[in-house]
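S.K.: Could you have a look at this structure, given as structure tokens, before my questions?
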Amino acid sequence: MKSKKTWILISLPLIAMAVLLIFYRSGSRRRGGETGEYATYSRHYALITDEGDEDFWNDVYESALEKGKERGVYVERFGKNLAVDYDRNDLLDMAIRASVDGIIVEGDDEEETVSLIDSAVEQGIPVVTVLNDCIESRRQCFVGSNSYNIGQEYGRQILQMLPEGEGTVMVLTDESRTDSSQNLILLAIRETLAETLGDDNAVSVETRSIDGSRSFSAEESIRDIFLGDDLPDVLVCVNAVYTRCAYTAAVDYNQVGNVQILGYYNSDATLDAVSKNIVQATVGLDSAQLGELCVDALDEYVETGYTNGYMAVDIYVITPEEAEELMKEG
């Protein structure tokens with residue numbers, strides 16, 4: 001009897017999710033504002049991401065949602081605001097079982113993720129990987145930036161920050177990531193430095209793996225760097241969470257100016273930090289374009305059976321002067 005009760009408790013959230021999804025699919029309708037009217041959608045896409053980088057993913061979702069409305073497509077931030085926190089692969093499995101019309105998911109090279117994406121495709125659900133790819137899978141399209149290009153931009157900024165051609169650079173990497181994107185960023189940084197300074201240059205580039213598996217673990221790991229004796233000359237942050245943790249720690253431990261920070265993404269808080277020279281520059285990614293291209297790729301595949309295997313989004317470096325202008329523009 002005990003095992004039966006346990007099975008019921010586990011199943012209830014899944015049943016609730018299924019009911020919600022059936023509501024969306026049976027006419028694909030959603031109440032609109034205070035008018036009491038219903039908007040009708042022809043398709044239902046699910047956007048699935050890991051926890052973290054909330055500002056970034058919120059921007060991506062908003063642009064995908066608006067693009068979908070223009071096309072008569074409802075884009076759902078799948079699993080958001082549920083009482084139970086499911087991981088990305090659990091949500092991916094739920095979306096497949098709900099027979100959504102398309103899936104947008106942050107990819108990786110984990111065997112389970114590859115298997116789930118392949119299962120979706122086999123069942124006729126097109127899949128677009130976003131920001132990080134799942135190369136071994138049968139996904140229809142990858143929408144994201146070129147990691148090597150990002151590394152080159154970091155390398156060019158490092159050359160400006162170390163005009164004497166010597167110093168220490170620490171690149172913060174996510175120890176849970178299994179894909180090659182971080183390695184490509186690191187390779188591009190080193191090759192960009194070597195092209196200008198020579199292979200035997202005096203700039204030391206090292207990595208520090210950051211544990212992001214627990215709440216606040218990334219913050220704790222980065223604070224330890226600022227409390228240590230070997231603070232690097234340049235700290236490179238490869239995502240928005242590390243950027244926020246780094247500039248917060250620089251302020252808290254009075255290290256602003258003692259370490260130069262290269263950030264990632266252009267959230268309001270990061271732009272403010274750049275404008276104040278707490279962060280020397282940040283690599284911006286066009287999150288609005290990212291969300292729109294994901295919807296474009298799914299629509300194209302649903303309607304024609306074909307789409308590009310890769311769609312690139314724009315990247316750009318934001319300096320203090322440019323950050324001030326962007327903040328003035330809102």
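For the structure tokens, the naming scheme is as follows: chains receive sequential letters (A, B, ...) according to their order of presentation, residues are indexed from 1 within each chain, and ligands are indexed from 1 in presentation order.
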Which residues in segment 48-294 of chain A does DSSP call strand (DSSP E or B)? List them as a ChimeraX atom specification.

M.R.: /A:48,73-77,102-105,127-130,141-144,166-174,202-210,234-237,256,259-264,281-285

S.K.: Excluding Tyr247 of chain A and residues on its chain fewer than 5 positions from it, collect all residues at most 12 Å away from it, counting only C-alpha atoms, and give them as a PyMOL selection string.

M.R.: chain A and resi 219+222-223+226+235-237+240-242+252-264+269-274+276-282

S.K.: Neighbours of Asp101 of chain A within 6 Å (only C-alpha atoms; same-chain residues fewer than 4 positions away dropped), as a ChimeraX atom specification?

M.R.: /A:43-45,125

S.K.: I'd like to know which of A:Asp286, A:Asp296, A:Glu110, A:Asp85 is closest to Ile315 of chain A, using only C-alpha atoms.

M.R.: A:Asp286

S.K.: With only C-alpha atoms as the counted atoms, please give the residues lying no more than 12 Å from segment 49-58 of chain A, apart from itself and same-chain residues fewer than 5 positions off, as a ChimeraX atom specification.

M.R.: /A:63-65,76-80,85-92,103-108,129-132,174,176-177,212-218,238-245,264-270,284-288,290-291

S.K.: May I have the residues within 9 Å of segment 190-192 of chain A as a PyMOL selection string, using only C-alpha atoms and disregarding those fewer than 4 positions away in the same chain?

M.R.: chain A and resi 151-156+159+185-186+196-197+199+205

S.K.: Create the file for the chosen residues now, containing N, CA and C atoms and written as a PDB file, in the first residue's frame.

M.R.:
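Contents of the output file selection-v3.pdb:
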```
ATOM      1  N   GLY A 151      35.576  33.912 -28.112  1.00  0.00           N
ATOM      2  CA  GLY A 151      36.929  33.832 -27.573  1.00  0.00           C
ATOM      3  C   GLY A 151      37.867  34.842 -28.214  1.00  0.00           C
ATOM      4  N   GLN A 152      37.698  35.058 -29.506  1.00  0.00           N
ATOM      5  CA  GLN A 152      38.521  36.068 -30.190  1.00  0.00           C
ATOM      6  C   GLN A 152      38.260  37.465 -29.638  1.00  0.00           C
ATOM      7  N   GLU A 153      36.986  37.768 -29.383  1.00  0.00           N
ATOM      8  CA  GLU A 153      36.649  39.075 -28.818  1.00  0.00           C
ATOM      9  C   GLU A 153      37.264  39.242 -27.433  1.00  0.00           C
ATOM     10  N   TYR A 154      37.194  38.185 -26.636  1.00  0.00           N
ATOM     11  CA  TYR A 154      37.835  38.233 -25.325  1.00  0.00           C
ATOM     12  C   TYR A 154      39.340  38.475 -25.486  1.00  0.00           C
ATOM     13  N   GLY A 155      39.946  37.769 -26.430  1.00  0.00           N
ATOM     14  CA  GLY A 155      41.384  37.915 -26.645  1.00  0.00           C
ATOM     15  C   GLY A 155      41.770  39.334 -27.025  1.00  0.00           C
ATOM     16  N   ARG A 156      40.993  39.974 -27.880  1.00  0.00           N
ATOM     17  CA  ARG A 156      41.287  41.354 -28.296  1.00  0.00           C
ATOM     18  C   ARG A 156      41.182  42.310 -27.106  1.00  0.00           C
ATOM     19  N   LEU A 159      44.245  41.967 -24.824  1.00  0.00           N
ATOM     20  CA  LEU A 159      45.409  42.670 -25.369  1.00  0.00           C
ATOM     21  C   LEU A 159      45.372  44.154 -24.994  1.00  0.00           C
ATOM     22  N   ILE A 185      36.319  28.670 -26.712  1.00  0.00           N
ATOM     23  CA  ILE A 185      36.569  30.025 -26.215  1.00  0.00           C
ATOM     24  C   ILE A 185      38.011  30.140 -25.731  1.00  0.00           C
ATOM     25  N   LEU A 186      38.453  29.158 -24.968  1.00  0.00           N
ATOM     26  CA  LEU A 186      39.817  29.161 -24.425  1.00  0.00           C
ATOM     27  C   LEU A 186      40.846  29.097 -25.555  1.00  0.00           C
ATOM     28  N   THR A 196      49.376  38.137 -31.881  1.00  0.00           N
ATOM     29  CA  THR A 196      49.926  39.476 -31.645  1.00  0.00           C
ATOM     30  C   THR A 196      51.228  39.444 -30.855  1.00  0.00           C
ATOM     31  N   LEU A 197      51.306  38.583 -29.845  1.00  0.00           N
ATOM     32  CA  LEU A 197      52.447  38.581 -28.931  1.00  0.00           C
ATOM     33  C   LEU A 197      53.457  37.471 -29.198  1.00  0.00           C
ATOM     34  N   ASP A 199      54.073  33.041 -29.899  1.00  0.00           N
ATOM     35  CA  ASP A 199      53.725  31.816 -29.176  1.00  0.00           C
ATOM     36  C   ASP A 199      54.295  31.782 -27.767  1.00  0.00           C
ATOM     37  N   VAL A 205      47.462  32.159 -19.332  1.00  0.00           N
ATOM     38  CA  VAL A 205      46.012  31.939 -19.388  1.00  0.00           C
ATOM     39  C   VAL A 205      45.693  30.621 -18.709  1.00  0.00           C
TER      40      VAL A 205
END
```

S.K.: Tell me, in Å to one decimal, how far atom CA of Ser209 of chain A is from atom CA of Leu227 of chain A.

M.R.: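 Going from atom CA of Ser209 of chain A over to atom CA of Leu227 of chain A covers 16.4 Å.
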
S.K.: Just the number, please: distance in Å from atom CA of Ile150 of chain A to atom CA of Asp179 of chain A, one decimal.

M.R.: 15.6 Å

S.K.: Compare A:Asp200, A:Glu292, A:Asp133, A:Glu206 by their minimum atom-to-atom distance to Asp59 of chain A, counting only C-alpha atoms, and give me the closest one.

M.R.: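 Distance minimum relative to Asp59 of chain A lands on A:Glu292.
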
S.K.: Nearest residue to Ile135 of chain A out of A:Gly309, A:Ala39, A:Asn183, A:Asp229, using only C-alpha atoms?

M.R.: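 Under the stated criterion, the closest residue is A:Gly309.
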
S.K.: So, counting only C-alpha atoms, which residue among A:Ile48, A:Val121, A:Leu172, A:Val75 is closest to Ser221 of chain A?

M.R.: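 Under the stated criterion, the closest residue is A:Leu172.
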
S.K.: Let's see if you can do this: from backbone DSSP, list all helix (DSSP H, G or I) residues in segment 46-176 of chain A, as a PyMOL selection string.

M.R.: chain A and resi 54-71+88-97+111-122+147-161

S.K.: If we count only C-alpha atoms, what is near Tyr301 of chain A at a cut-off of 8 Å, once residues fewer than 4 positions away on the same chain are taken out, given as a list in words?

M.R.: Pro126, Gln140, Ala297, Gly305, Tyr306 and Thr307 of chain A

S.K.: In Å, how far is it from atom CA of Asn146 of chain A to atom CA of Cys134 of chain A?

M.R.: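 Between these atoms lies a distance of 14.1 Å.
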
S.K.: Nearest to Tyr316 of chain A: which of A:Thr248, A:Val302, A:Asn201, A:Gln157 is it, counting only C-alpha atoms?

M.R.: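 Using only C-alpha atoms, the shortest distance to Tyr316 of chain A belongs to A:Gln157.
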
S.K.: Using only C-alpha atoms, pick whichever of A:Met161, A:Ala323, A:Asp211, A:Tyr148 has the shortest atom-to-atom distance to Leu187 of chain A.

M.R.: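 Using only C-alpha atoms, the shortest distance to Leu187 of chain A belongs to A:Tyr148.
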